[in-house]
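See below for work25.csv, which holds CSV, N, CA and C atoms.
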chain,number,residue,atom,x,y,z
A,54,MET,N,-15.4,3.7,4.8
A,54,MET,CA,-15.9,2.6,4.1
A,54,MET,C,-17.4,2.5,4.3
A,55,ALA,N,-18.1,2.2,3.3
A,55,ALA,CA,-19.6,2.2,3.3
A,55,ALA,C,-20.1,1.1,4.2
A,56,GLU,N,-21.2,1.4,4.9
A,56,GLU,CA,-21.8,0.4,5.8
A,56,GLU,C,-22.7,-0.5,5.0
A,57,PRO,N,-22.9,-1.7,5.4
A,57,PRO,CA,-23.8,-2.6,4.7
A,57,PRO,C,-25.2,-2.0,4.8
A,58,THR,N,-26.0,-2.4,3.8
A,58,THR,CA,-27.4,-2.0,3.8
A,58,THR,C,-28.2,-2.6,5.0
A,59,PRO,N,-28.9,-1.9,5.8
A,59,PRO,CA,-29.6,-2.5,6.9
A,59,PRO,C,-30.7,-3.5,6.5
A,60,ARG,N,-31.0,-4.5,7.2
A,60,ARG,CA,-32.0,-5.4,6.9
A,60,ARG,C,-33.3,-5.0,7.5
A,61,ARG,N,-34.4,-5.7,7.2
A,61,ARG,CA,-35.7,-5.3,7.6
A,61,ARG,C,-35.9,-4.9,9.0
A,62,ASN,N,-35.3,-5.6,9.9
A,62,ASN,CA,-35.5,-5.4,11.4
A,62,ASN,C,-34.4,-4.5,12.0
A,63,GLU,N,-33.5,-4.0,11.2
A,63,GLU,CA,-32.4,-3.2,11.7
A,63,GLU,C,-32.7,-1.7,11.4
A,64,PRO,N,-32.5,-0.8,12.3
A,64,PRO,CA,-32.7,0.6,12.0
A,64,PRO,C,-31.6,1.1,11.1
A,65,ARG,N,-31.9,2.1,10.4
A,65,ARG,CA,-30.8,2.8,9.6
A,65,ARG,C,-29.8,3.5,10.5
A,66,ARG,N,-28.5,3.3,10.2
A,66,ARG,CA,-27.5,4.0,11.0
A,66,ARG,C,-27.4,5.4,10.4
A,67,ARG,N,-27.3,6.4,11.2
A,67,ARG,CA,-27.1,7.8,10.7
A,67,ARG,C,-25.6,8.0,10.4
A,68,PRO,N,-25.3,8.6,9.2
A,68,PRO,CA,-23.9,8.9,9.0
A,68,PRO,C,-23.5,10.2,9.7
A,69,ALA,N,-22.3,10.6,9.6
A,69,ALA,CA,-21.8,11.8,10.2
A,69,ALA,C,-22.7,13.0,9.7
A,70,PRO,N,-23.0,13.9,10.6
A,70,PRO,CA,-23.8,15.0,10.2
A,70,PRO,C,-23.1,15.9,9.1
A,71,LEU,N,-23.9,16.4,8.2
A,71,LEU,CA,-23.4,17.3,7.2
A,71,LEU,C,-23.8,18.7,7.7
A,72,LEU,N,-22.8,19.4,8.2
A,72,LEU,CA,-23.0,20.8,8.7
A,72,LEU,C,-23.0,21.8,7.6
A,73,PHE,N,-23.9,22.7,7.6
A,73,PHE,CA,-23.9,23.7,6.5
A,73,PHE,C,-22.9,24.7,6.8
A,74,GLU,N,-22.2,25.2,5.8
A,74,GLU,CA,-21.2,26.2,5.9
A,74,GLU,C,-21.7,27.6,5.9
A,75,PRO,N,-21.1,28.5,6.6
A,75,PRO,CA,-21.5,29.9,6.5
A,75,PRO,C,-21.3,30.4,5.0
A,76,ALA,N,-22.1,31.3,4.6
A,76,ALA,CA,-22.1,31.8,3.2
A,76,ALA,C,-20.7,32.3,2.8
A,77,ALA,N,-20.0,33.0,3.8
A,77,ALA,CA,-18.7,33.5,3.5
A,77,ALA,C,-17.7,32.3,3.2
A,78,ALA,N,-17.8,31.3,3.9
A,78,ALA,CA,-16.9,30.1,3.7
A,78,ALA,C,-17.3,29.4,2.4
A,79,ALA,N,-18.6,29.3,2.1
A,79,ALA,CA,-19.0,28.6,0.9
A,79,ALA,C,-18.6,29.3,-0.4
A,80,GLY,N,-18.4,30.7,-0.3
A,80,GLY,CA,-17.9,31.4,-1.4
A,80,GLY,C,-16.5,31.2,-1.7
A,81,ASP,N,-15.7,30.7,-0.8
A,81,ASP,CA,-14.3,30.5,-1.0
A,81,ASP,C,-14.1,29.1,-1.7
A,82,PRO,N,-13.6,29.0,-2.9
A,82,PRO,CA,-13.5,27.7,-3.6
A,82,PRO,C,-12.6,26.7,-2.9
A,83,GLU,N,-11.6,27.2,-2.1
A,83,GLU,CA,-10.7,26.4,-1.4
A,83,GLU,C,-11.2,25.8,-0.1
A,84,HIS,N,-12.4,26.4,0.3
A,84,HIS,CA,-13.0,26.0,1.6
A,84,HIS,C,-14.0,24.9,1.4
A,85,PHE,N,-13.8,23.8,2.1
A,85,PHE,CA,-14.8,22.7,2.0
A,85,PHE,C,-14.9,22.0,3.4
A,86,PHE,N,-16.0,22.3,4.1
A,86,PHE,CA,-16.3,21.8,5.4
A,86,PHE,C,-15.1,21.8,6.3
A,87,ASP,N,-14.3,22.8,6.2
A,87,ASP,CA,-13.2,23.1,7.1
A,87,ASP,C,-12.1,22.0,7.0
A,88,LEU,N,-12.1,21.2,5.9
A,88,LEU,CA,-11.1,20.2,5.8
A,88,LEU,C,-9.7,20.8,5.5
A,89,GLU,N,-9.7,21.9,4.9
A,89,GLU,CA,-8.3,22.5,4.6
A,89,GLU,C,-7.6,22.9,5.8
A,90,SER,N,-8.3,23.1,6.9
A,90,SER,CA,-7.7,23.5,8.1
A,90,SER,C,-7.2,22.4,9.0
A,91,ILE,N,-7.4,21.1,8.6
A,91,ILE,CA,-6.9,20.0,9.4
A,91,ILE,C,-5.5,19.6,8.9
A,92,ASP,N,-4.6,19.7,9.8
A,92,ASP,CA,-3.2,19.4,9.5
A,92,ASP,C,-2.8,18.0,9.6
A,93,ASP,N,-3.4,17.3,10.6
A,93,ASP,CA,-3.1,15.9,10.8
A,93,ASP,C,-3.7,15.0,9.8
A,94,PRO,N,-2.8,14.3,9.0
A,94,PRO,CA,-3.4,13.4,7.9
A,94,PRO,C,-4.4,12.4,8.4
A,95,ALA,N,-4.1,11.8,9.6
A,95,ALA,CA,-5.1,10.8,10.1
A,95,ALA,C,-6.4,11.4,10.4
A,96,ALA,N,-6.4,12.6,11.0
A,96,ALA,CA,-7.7,13.3,11.3
A,96,ALA,C,-8.4,13.7,10.0
A,97,LEU,N,-7.6,14.2,9.1
A,97,LEU,CA,-8.1,14.6,7.8
A,97,LEU,C,-8.8,13.4,7.1
A,98,PHE,N,-8.1,12.3,7.1
A,98,PHE,CA,-8.6,11.1,6.4
A,98,PHE,C,-9.9,10.7,7.1
A,99,ALA,N,-9.9,10.7,8.4
A,99,ALA,CA,-11.1,10.3,9.2
A,99,ALA,C,-12.3,11.2,8.9
A,100,ARG,N,-12.1,12.5,8.9
A,100,ARG,CA,-13.2,13.4,8.7
A,100,ARG,C,-13.6,13.4,7.2
A,101,ALA,N,-12.7,13.3,6.3
A,101,ALA,CA,-13.1,13.2,4.9
A,101,ALA,C,-13.8,11.9,4.6
A,102,SER,N,-13.5,10.9,5.2
A,102,SER,CA,-14.2,9.6,5.1
A,102,SER,C,-15.6,9.7,5.6
A,103,GLU,N,-15.7,10.4,6.8
A,103,GLU,CA,-17.1,10.6,7.3
A,103,GLU,C,-17.9,11.4,6.4
A,104,LEU,N,-17.4,12.4,5.8
A,104,LEU,CA,-18.1,13.3,4.9
A,104,LEU,C,-18.5,12.5,3.6
A,105,ALA,N,-17.6,11.7,3.1
A,105,ALA,CA,-17.9,10.9,1.9
A,105,ALA,C,-19.0,10.0,2.2
A,106,GLN,N,-19.0,9.3,3.3
A,106,GLN,CA,-20.1,8.4,3.7
A,106,GLN,C,-21.4,9.1,3.8
A,107,ALA,N,-21.3,10.3,4.5
A,107,ALA,CA,-22.5,11.1,4.7
A,107,ALA,C,-23.1,11.5,3.3
A,108,PHE,N,-22.3,11.9,2.4
A,108,PHE,CA,-22.7,12.4,1.1
A,108,PHE,C,-23.4,11.2,0.3
A,109,ARG,N,-22.7,10.0,0.4
A,109,ARG,CA,-23.3,8.8,-0.3
A,109,ARG,C,-24.7,8.5,0.3
A,110,ALA,N,-24.8,8.5,1.6
A,110,ALA,CA,-26.0,8.2,2.3
A,110,ALA,C,-27.1,9.2,1.9
A,111,ALA,N,-26.7,10.5,1.9
A,111,ALA,CA,-27.6,11.6,1.5
A,111,ALA,C,-28.1,11.4,0.1
A,112,ALA,N,-27.2,11.1,-0.8
A,112,ALA,CA,-27.5,10.9,-2.2
A,112,ALA,C,-28.5,9.7,-2.4
A,113,ASP,N,-28.2,8.6,-1.7
A,113,ASP,CA,-29.1,7.4,-1.7
A,113,ASP,C,-30.5,7.8,-1.2
A,114,ARG,N,-30.5,8.5,-0.1
A,114,ARG,CA,-31.8,8.8,0.4
A,114,ARG,C,-32.6,9.8,-0.5
A,115,ALA,N,-31.9,10.7,-1.0
A,115,ALA,CA,-32.5,11.7,-1.9
A,115,ALA,C,-33.1,10.9,-3.2
A,116,SER,N,-32.3,10.0,-3.7
A,116,SER,CA,-32.7,9.2,-4.8
A,116,SER,C,-34.0,8.4,-4.5
A,117,GLU,N,-34.1,7.9,-3.3
A,117,GLU,CA,-35.3,7.1,-2.9
A,117,GLU,C,-36.5,8.1,-2.9
A,118,PHE,N,-36.3,9.3,-2.3
A,118,PHE,CA,-37.5,10.2,-2.3
A,118,PHE,C,-37.8,10.6,-3.8
A,119,GLN,N,-36.8,10.8,-4.6
A,119,GLN,CA,-37.0,11.2,-6.0
A,119,GLN,C,-37.8,10.1,-6.7
A,120,ALA,N,-37.5,8.8,-6.4
A,120,ALA,CA,-38.2,7.7,-7.0
A,120,ALA,C,-39.6,7.6,-6.6
A,121,MET,N,-39.8,7.8,-5.3
A,121,MET,CA,-41.2,7.8,-4.7
A,121,MET,C,-42.0,8.9,-5.3
A,122,ALA,N,-41.4,10.1,-5.5
A,122,ALA,CA,-42.2,11.2,-6.1
A,122,ALA,C,-42.5,10.9,-7.5
A,123,ALA,N,-41.5,10.3,-8.3
A,123,ALA,CA,-41.7,10.0,-9.7
A,123,ALA,C,-42.9,9.0,-9.8
A,124,ALA,N,-42.9,8.0,-8.9
A,124,ALA,CA,-44.0,7.0,-8.9
A,124,ALA,C,-45.3,7.6,-8.6
A,125,GLN,N,-45.4,8.6,-7.7
A,125,GLN,CA,-46.6,9.3,-7.4
A,125,GLN,C,-47.0,10.1,-8.6
A,126,LEU,N,-46.1,10.8,-9.3
A,126,LEU,CA,-46.4,11.6,-10.4
A,126,LEU,C,-46.9,10.8,-11.6
A,127,ALA,N,-46.5,9.5,-11.7
A,127,ALA,CA,-46.8,8.6,-12.8
A,127,ALA,C,-48.1,7.8,-12.5
A,128,ASP,N,-48.6,7.9,-11.3
A,128,ASP,CA,-49.8,7.1,-10.9
A,128,ASP,C,-50.9,7.3,-11.8
A,129,PRO,N,-51.4,6.2,-12.4
A,129,PRO,CA,-52.5,6.3,-13.4
A,129,PRO,C,-53.8,6.8,-12.8
A,130,ARG,N,-53.9,6.8,-11.5
A,130,ARG,CA,-55.1,7.3,-10.8
A,130,ARG,C,-55.2,8.8,-10.8
A,131,ARG,N,-54.0,9.5,-11.0
A,131,ARG,CA,-54.0,10.9,-11.0
A,131,ARG,C,-54.5,11.5,-12.3
A,132,PHE,N,-55.4,12.5,-12.2
A,132,PHE,CA,-55.9,13.1,-13.4
A,132,PHE,C,-54.8,13.9,-14.2
A,133,ASP,N,-53.8,14.3,-13.4
A,133,ASP,CA,-52.7,15.0,-14.0
A,133,ASP,C,-51.4,14.2,-14.1
A,134,ARG,N,-51.5,12.9,-14.2
A,134,ARG,CA,-50.4,12.1,-14.2
A,134,ARG,C,-49.4,12.4,-15.3
A,135,LEU,N,-48.1,12.1,-15.0
A,135,LEU,CA,-47.0,12.4,-16.0
A,135,LEU,C,-46.6,11.0,-16.6
A,136,THR,N,-46.3,11.1,-17.8
A,136,THR,CA,-45.8,9.9,-18.5
A,136,THR,C,-44.3,9.8,-18.2
A,137,PRO,N,-43.7,8.6,-18.4
A,137,PRO,CA,-42.3,8.4,-18.2
A,137,PRO,C,-41.5,9.4,-19.1
A,138,ALA,N,-42.0,9.8,-20.3
A,138,ALA,CA,-41.3,10.7,-21.1
A,138,ALA,C,-41.3,12.1,-20.4
A,139,ASP,N,-42.4,12.5,-19.8
A,139,ASP,CA,-42.5,13.8,-19.1
A,139,ASP,C,-41.6,13.8,-18.0
A,140,ILE,N,-41.5,12.7,-17.2
A,140,ILE,CA,-40.6,12.7,-16.0
A,140,ILE,C,-39.2,12.7,-16.5
A,141,ALA,N,-38.9,12.0,-17.6
A,141,ALA,CA,-37.5,12.0,-18.1
A,141,ALA,C,-37.1,13.4,-18.5
A,142,GLU,N,-38.0,14.1,-19.2
A,142,GLU,CA,-37.7,15.4,-19.6
A,142,GLU,C,-37.4,16.4,-18.5
A,143,ARG,N,-38.2,16.3,-17.4
A,143,ARG,CA,-38.0,17.1,-16.2
A,143,ARG,C,-36.7,16.8,-15.5
A,144,ALA,N,-36.3,15.6,-15.5
A,144,ALA,CA,-35.1,15.2,-14.7
A,144,ALA,C,-33.9,15.1,-15.6
A,145,GLU,N,-34.0,15.3,-16.9
A,145,GLU,CA,-32.9,15.1,-17.8
A,145,GLU,C,-32.4,13.7,-17.8
A,146,TRP,N,-33.3,12.7,-17.9
A,146,TRP,CA,-33.0,11.3,-17.9
A,146,TRP,C,-33.5,10.8,-19.3
A,147,THR,N,-33.1,9.5,-19.6
A,147,THR,CA,-33.7,8.8,-20.7
A,147,THR,C,-35.1,8.3,-20.3
A,148,GLU,N,-35.9,8.1,-21.2
A,148,GLU,CA,-37.3,7.6,-20.9
A,148,GLU,C,-37.2,6.2,-20.2
A,149,ASP,N,-36.3,5.4,-20.7
A,149,ASP,CA,-36.1,4.0,-20.1
A,149,ASP,C,-35.7,4.1,-18.7
A,150,TYR,N,-34.8,5.0,-18.4
A,150,TYR,CA,-34.3,5.2,-17.0
A,150,TYR,C,-35.5,5.7,-16.1
A,151,ALA,N,-36.3,6.6,-16.7
A,151,ALA,CA,-37.4,7.2,-15.9
A,151,ALA,C,-38.4,6.0,-15.6
A,152,ARG,N,-38.6,5.1,-16.5
A,152,ARG,CA,-39.5,3.9,-16.2
A,152,ARG,C,-39.0,3.1,-15.0
A,153,LYS,N,-37.6,2.9,-15.0
A,153,LYS,CA,-37.0,2.1,-14.0
A,153,LYS,C,-37.1,2.9,-12.6
A,154,VAL,N,-36.9,4.2,-12.6
A,154,VAL,CA,-37.1,5.0,-11.4
A,154,VAL,C,-38.5,4.9,-10.9
A,155,VAL,N,-39.5,5.0,-11.8
A,155,VAL,CA,-40.9,4.9,-11.4
A,155,VAL,C,-41.2,3.5,-10.8
A,156,GLU,N,-40.7,2.5,-11.4
A,156,GLU,CA,-40.9,1.1,-10.9
A,156,GLU,C,-40.2,1.0,-9.5
A,157,PHE,N,-39.0,1.5,-9.3
A,157,PHE,CA,-38.3,1.5,-8.0
A,157,PHE,C,-39.1,2.2,-7.0
A,158,GLY,N,-39.6,3.4,-7.4
A,158,GLY,CA,-40.4,4.2,-6.5
A,158,GLY,C,-41.7,3.5,-6.0
A,159,ARG,N,-42.3,2.8,-6.9
A,159,ARG,CA,-43.5,2.0,-6.6
A,159,ARG,C,-43.2,0.9,-5.6
A,160,ASP,N,-42.0,0.3,-5.8
A,160,ASP,CA,-41.6,-0.8,-4.8
A,160,ASP,C,-41.4,-0.1,-3.5
A,161,LEU,N,-40.7,1.0,-3.4
A,161,LEU,CA,-40.5,1.7,-2.1
A,161,LEU,C,-41.8,2.1,-1.5
A,162,LEU,N,-42.8,2.6,-2.2
A,162,LEU,CA,-44.1,3.0,-1.7
A,162,LEU,C,-44.8,1.7,-1.1
A,163,ARG,N,-44.6,0.6,-1.7
A,163,ARG,CA,-45.3,-0.6,-1.3
A,163,ARG,C,-44.5,-1.2,-0.1
A,164,GLY,N,-43.4,-0.7,0.3
A,164,GLY,CA,-42.6,-1.2,1.4
A,164,GLY,C,-41.6,-2.2,1.0
A,165,GLU,N,-41.3,-2.3,-0.3
A,165,GLU,CA,-40.3,-3.2,-0.8
A,165,GLU,C,-39.1,-2.3,-1.1
A,166,GLY,N,-38.0,-2.8,-1.7
A,166,GLY,CA,-36.9,-2.0,-2.1
A,166,GLY,C,-35.9,-1.8,-1.0
A,167,GLU,N,-35.0,-0.9,-1.3
A,167,GLU,CA,-33.8,-0.7,-0.4
A,167,GLU,C,-34.2,-0.4,1.0
A,168,SER,N,-35.1,0.4,1.3
A,168,SER,CA,-35.5,0.8,2.7
A,168,SER,C,-35.9,-0.5,3.4
A,169,ALA,N,-36.4,-1.5,2.7
A,169,ALA,CA,-36.8,-2.7,3.4
A,169,ALA,C,-35.7,-3.8,3.4
A,170,GLY,N,-34.5,-3.4,3.0
A,170,GLY,CA,-33.4,-4.3,3.0
A,170,GLY,C,-32.9,-4.8,1.7
A,171,GLU,N,-33.5,-4.4,0.6
A,171,GLU,CA,-33.1,-4.9,-0.7
A,171,GLU,C,-32.0,-4.1,-1.2
A,172,SER,N,-31.2,-4.6,-2.1
A,172,SER,CA,-30.0,-3.9,-2.7
A,172,SER,C,-30.5,-2.8,-3.6
A,173,HIS,N,-29.7,-1.7,-3.7
A,173,HIS,CA,-30.1,-0.6,-4.5
A,173,HIS,C,-29.6,-0.8,-5.9
A,174,SER,N,-29.4,-2.0,-6.3
A,174,SER,CA,-28.8,-2.3,-7.6
A,174,SER,C,-29.8,-2.1,-8.8
A,175,ARG,N,-31.1,-2.0,-8.5
A,175,ARG,CA,-32.1,-1.9,-9.5
A,175,ARG,C,-32.0,-0.6,-10.3
A,176,VAL,N,-31.8,0.5,-9.5
A,176,VAL,CA,-31.7,1.8,-10.2
A,176,VAL,C,-30.5,2.6,-9.6
A,177,GLU,N,-29.5,2.9,-10.4
A,177,GLU,CA,-28.4,3.6,-9.9
A,177,GLU,C,-28.5,5.1,-10.3
A,178,PRO,N,-28.2,6.0,-9.5
A,178,PRO,CA,-28.2,7.4,-9.9
A,178,PRO,C,-27.3,7.7,-11.1
A,179,ILE,N,-27.8,8.6,-11.9
A,179,ILE,CA,-26.9,8.9,-13.1
A,179,ILE,C,-26.3,10.3,-12.9

Representation of the structure as structure tokens:
Amino acid sequence: MAEPTPRRNEPRRRPAPLLFEPAAAAGDPEHFFDLESIDDPAALFARASELAQAFRAAADRASEFQAMAAAQLADPRRFDRLTPADIAERAEWTEDYARKVVEFGRDLLRGEGESAGESHSRVEPI
């Protein structure tokens, strides 16, 4: 189950670690973080739940960094700034979505937004 978003004065809780798989295991389509080797359904459920939470947290954090980078690329003070259309093309988004991501990134860079305790409902990953 997902943890609530931390508030301003609460530190972020770290999800279960995502361990990288050896290349040989990653090449096997049936192999996924050694879950197929867990026979006990309760243990399998617990580990799969940890992984799902870790992947959600990783995706949320990556989206925050992506938004901050988009905001920096769109900064009008940059001589080589990108337009929302340019960012949308690079990320395979719509231009409207790129504008929202840039706005969210600006909020994060100012210290507002999800990292400061606000809901992530403003921009959802596509």

Distance of CA of Arg109 in chain A from atom C of Arg159 in chain A, expressed in Å to one decimal place: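 Interatomic distance here is 22.1 Å.
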
Picked from range 84-115 of chain A by DSSP as helix (DSSP H, G or I), as a PyMOL selection string: chain A and resi 88-90+94-115

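Taking only C-alpha atoms into account, Val154 in chain A lies nearest to A:Met121 out of the set A:Leu88, A:Ala111, A:Ala96, A:Met121.
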
Å distance separating CA of Arg152 in chain A from CA of Pro137 in chain A, one decimal place: 5.7 Å

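Interatomic distance, CA of Ile91 in chain A against CA of Gln106 in chain A: 18.5 Å.
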
Contacts of Ala122 in chain A within 8 Å, only N, CA and C atoms, excl. fewer than 3 positions in-chain, as JSON, numbers by chain: {"A": [116, 117, 118, 119, 125, 126, 127, 128, 154, 155, 158, 159]}

Exercise: Ala141 in chain A partners within 8 Å, only N, CA and C atoms, chain neighbours under 5 positions left out, as a list of chain:residue names: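 Here the qualifying residues turn out to be A:Leu135, A:Thr136, A:Trp146, A:Thr147, A:Glu148, A:Asp149, A:Tyr150, A:Ala151, A:Arg152.
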
Kindly complete range 118-128 of chain A to all heavy atoms; the output should be written as a CSV table (one decimal), in the coordinates of the input.
chain,number,residue,atom,x,y,z
A,118,PHE,N,-36.3,9.3,-2.3
A,118,PHE,CA,-37.5,10.2,-2.3
A,118,PHE,C,-37.8,10.6,-3.8
A,118,PHE,O,-39.0,10.8,-4.1
A,118,PHE,CB,-37.1,11.5,-1.5
A,118,PHE,CG,-37.4,11.2,0.0
A,118,PHE,CD1,-36.3,11.0,0.9
A,118,PHE,CD2,-38.6,11.2,0.5
A,118,PHE,CE1,-36.5,10.8,2.2
A,118,PHE,CE2,-38.9,11.0,1.9
A,118,PHE,CZ,-37.8,10.8,2.7
A,119,GLN,N,-36.8,10.8,-4.6
A,119,GLN,CA,-37.0,11.2,-6.0
A,119,GLN,C,-37.8,10.1,-6.7
A,119,GLN,O,-38.7,10.4,-7.4
A,119,GLN,CB,-35.7,11.4,-6.7
A,119,GLN,CG,-35.7,11.9,-8.1
A,119,GLN,CD,-34.4,12.1,-8.7
A,119,GLN,OE1,-33.5,11.3,-8.4
A,119,GLN,NE2,-34.2,13.2,-9.4
A,120,ALA,N,-37.5,8.8,-6.4
A,120,ALA,CA,-38.2,7.7,-7.0
A,120,ALA,C,-39.6,7.6,-6.6
A,120,ALA,O,-40.5,7.4,-7.3
A,120,ALA,CB,-37.4,6.4,-6.7
A,121,MET,N,-39.8,7.8,-5.3
A,121,MET,CA,-41.2,7.8,-4.7
A,121,MET,C,-42.0,8.9,-5.3
A,121,MET,O,-43.2,8.7,-5.7
A,121,MET,CB,-41.2,7.9,-3.2
A,121,MET,CG,-40.7,6.6,-2.6
A,121,MET,SD,-40.8,6.6,-0.8
A,121,MET,CE,-39.6,7.8,-0.3
A,122,ALA,N,-41.4,10.1,-5.5
A,122,ALA,CA,-42.2,11.2,-6.1
A,122,ALA,C,-42.5,10.9,-7.5
A,122,ALA,O,-43.6,11.2,-8.0
A,122,ALA,CB,-41.4,12.5,-5.9
A,123,ALA,N,-41.5,10.3,-8.3
A,123,ALA,CA,-41.7,10.0,-9.7
A,123,ALA,C,-42.9,9.0,-9.8
A,123,ALA,O,-43.7,9.1,-10.7
A,123,ALA,CB,-40.5,9.5,-10.3
A,124,ALA,N,-42.9,8.0,-8.9
A,124,ALA,CA,-44.0,7.0,-8.9
A,124,ALA,C,-45.3,7.6,-8.6
A,124,ALA,O,-46.3,7.3,-9.3
A,124,ALA,CB,-43.7,5.9,-7.9
A,125,GLN,N,-45.4,8.6,-7.7
A,125,GLN,CA,-46.6,9.3,-7.4
A,125,GLN,C,-47.0,10.1,-8.6
A,125,GLN,O,-48.2,10.1,-8.9
A,125,GLN,CB,-46.5,10.1,-6.2
A,125,GLN,CG,-46.3,9.3,-4.9
A,125,GLN,CD,-45.9,10.1,-3.7
A,125,GLN,OE1,-45.3,11.1,-3.8
A,125,GLN,NE2,-46.3,9.6,-2.5
A,126,LEU,N,-46.1,10.8,-9.3
A,126,LEU,CA,-46.4,11.6,-10.4
A,126,LEU,C,-46.9,10.8,-11.6
A,126,LEU,O,-47.8,11.2,-12.4
A,126,LEU,CB,-45.2,12.4,-10.9
A,126,LEU,CG,-44.9,13.6,-9.9
A,126,LEU,CD1,-43.5,14.2,-10.4
A,126,LEU,CD2,-45.9,14.7,-9.9
A,127,ALA,N,-46.5,9.5,-11.7
A,127,ALA,CA,-46.8,8.6,-12.8
A,127,ALA,C,-48.1,7.8,-12.5
A,127,ALA,O,-48.5,7.0,-13.3
A,127,ALA,CB,-45.7,7.7,-13.1
A,128,ASP,N,-48.6,7.9,-11.3
A,128,ASP,CA,-49.8,7.1,-10.9
A,128,ASP,C,-50.9,7.3,-11.8
A,128,ASP,O,-51.4,8.4,-12.0
A,128,ASP,CB,-50.2,7.5,-9.4
A,128,ASP,CG,-51.2,6.6,-8.8
A,128,ASP,OD1,-52.0,5.9,-9.6
A,128,ASP,OD2,-51.3,6.5,-7.6
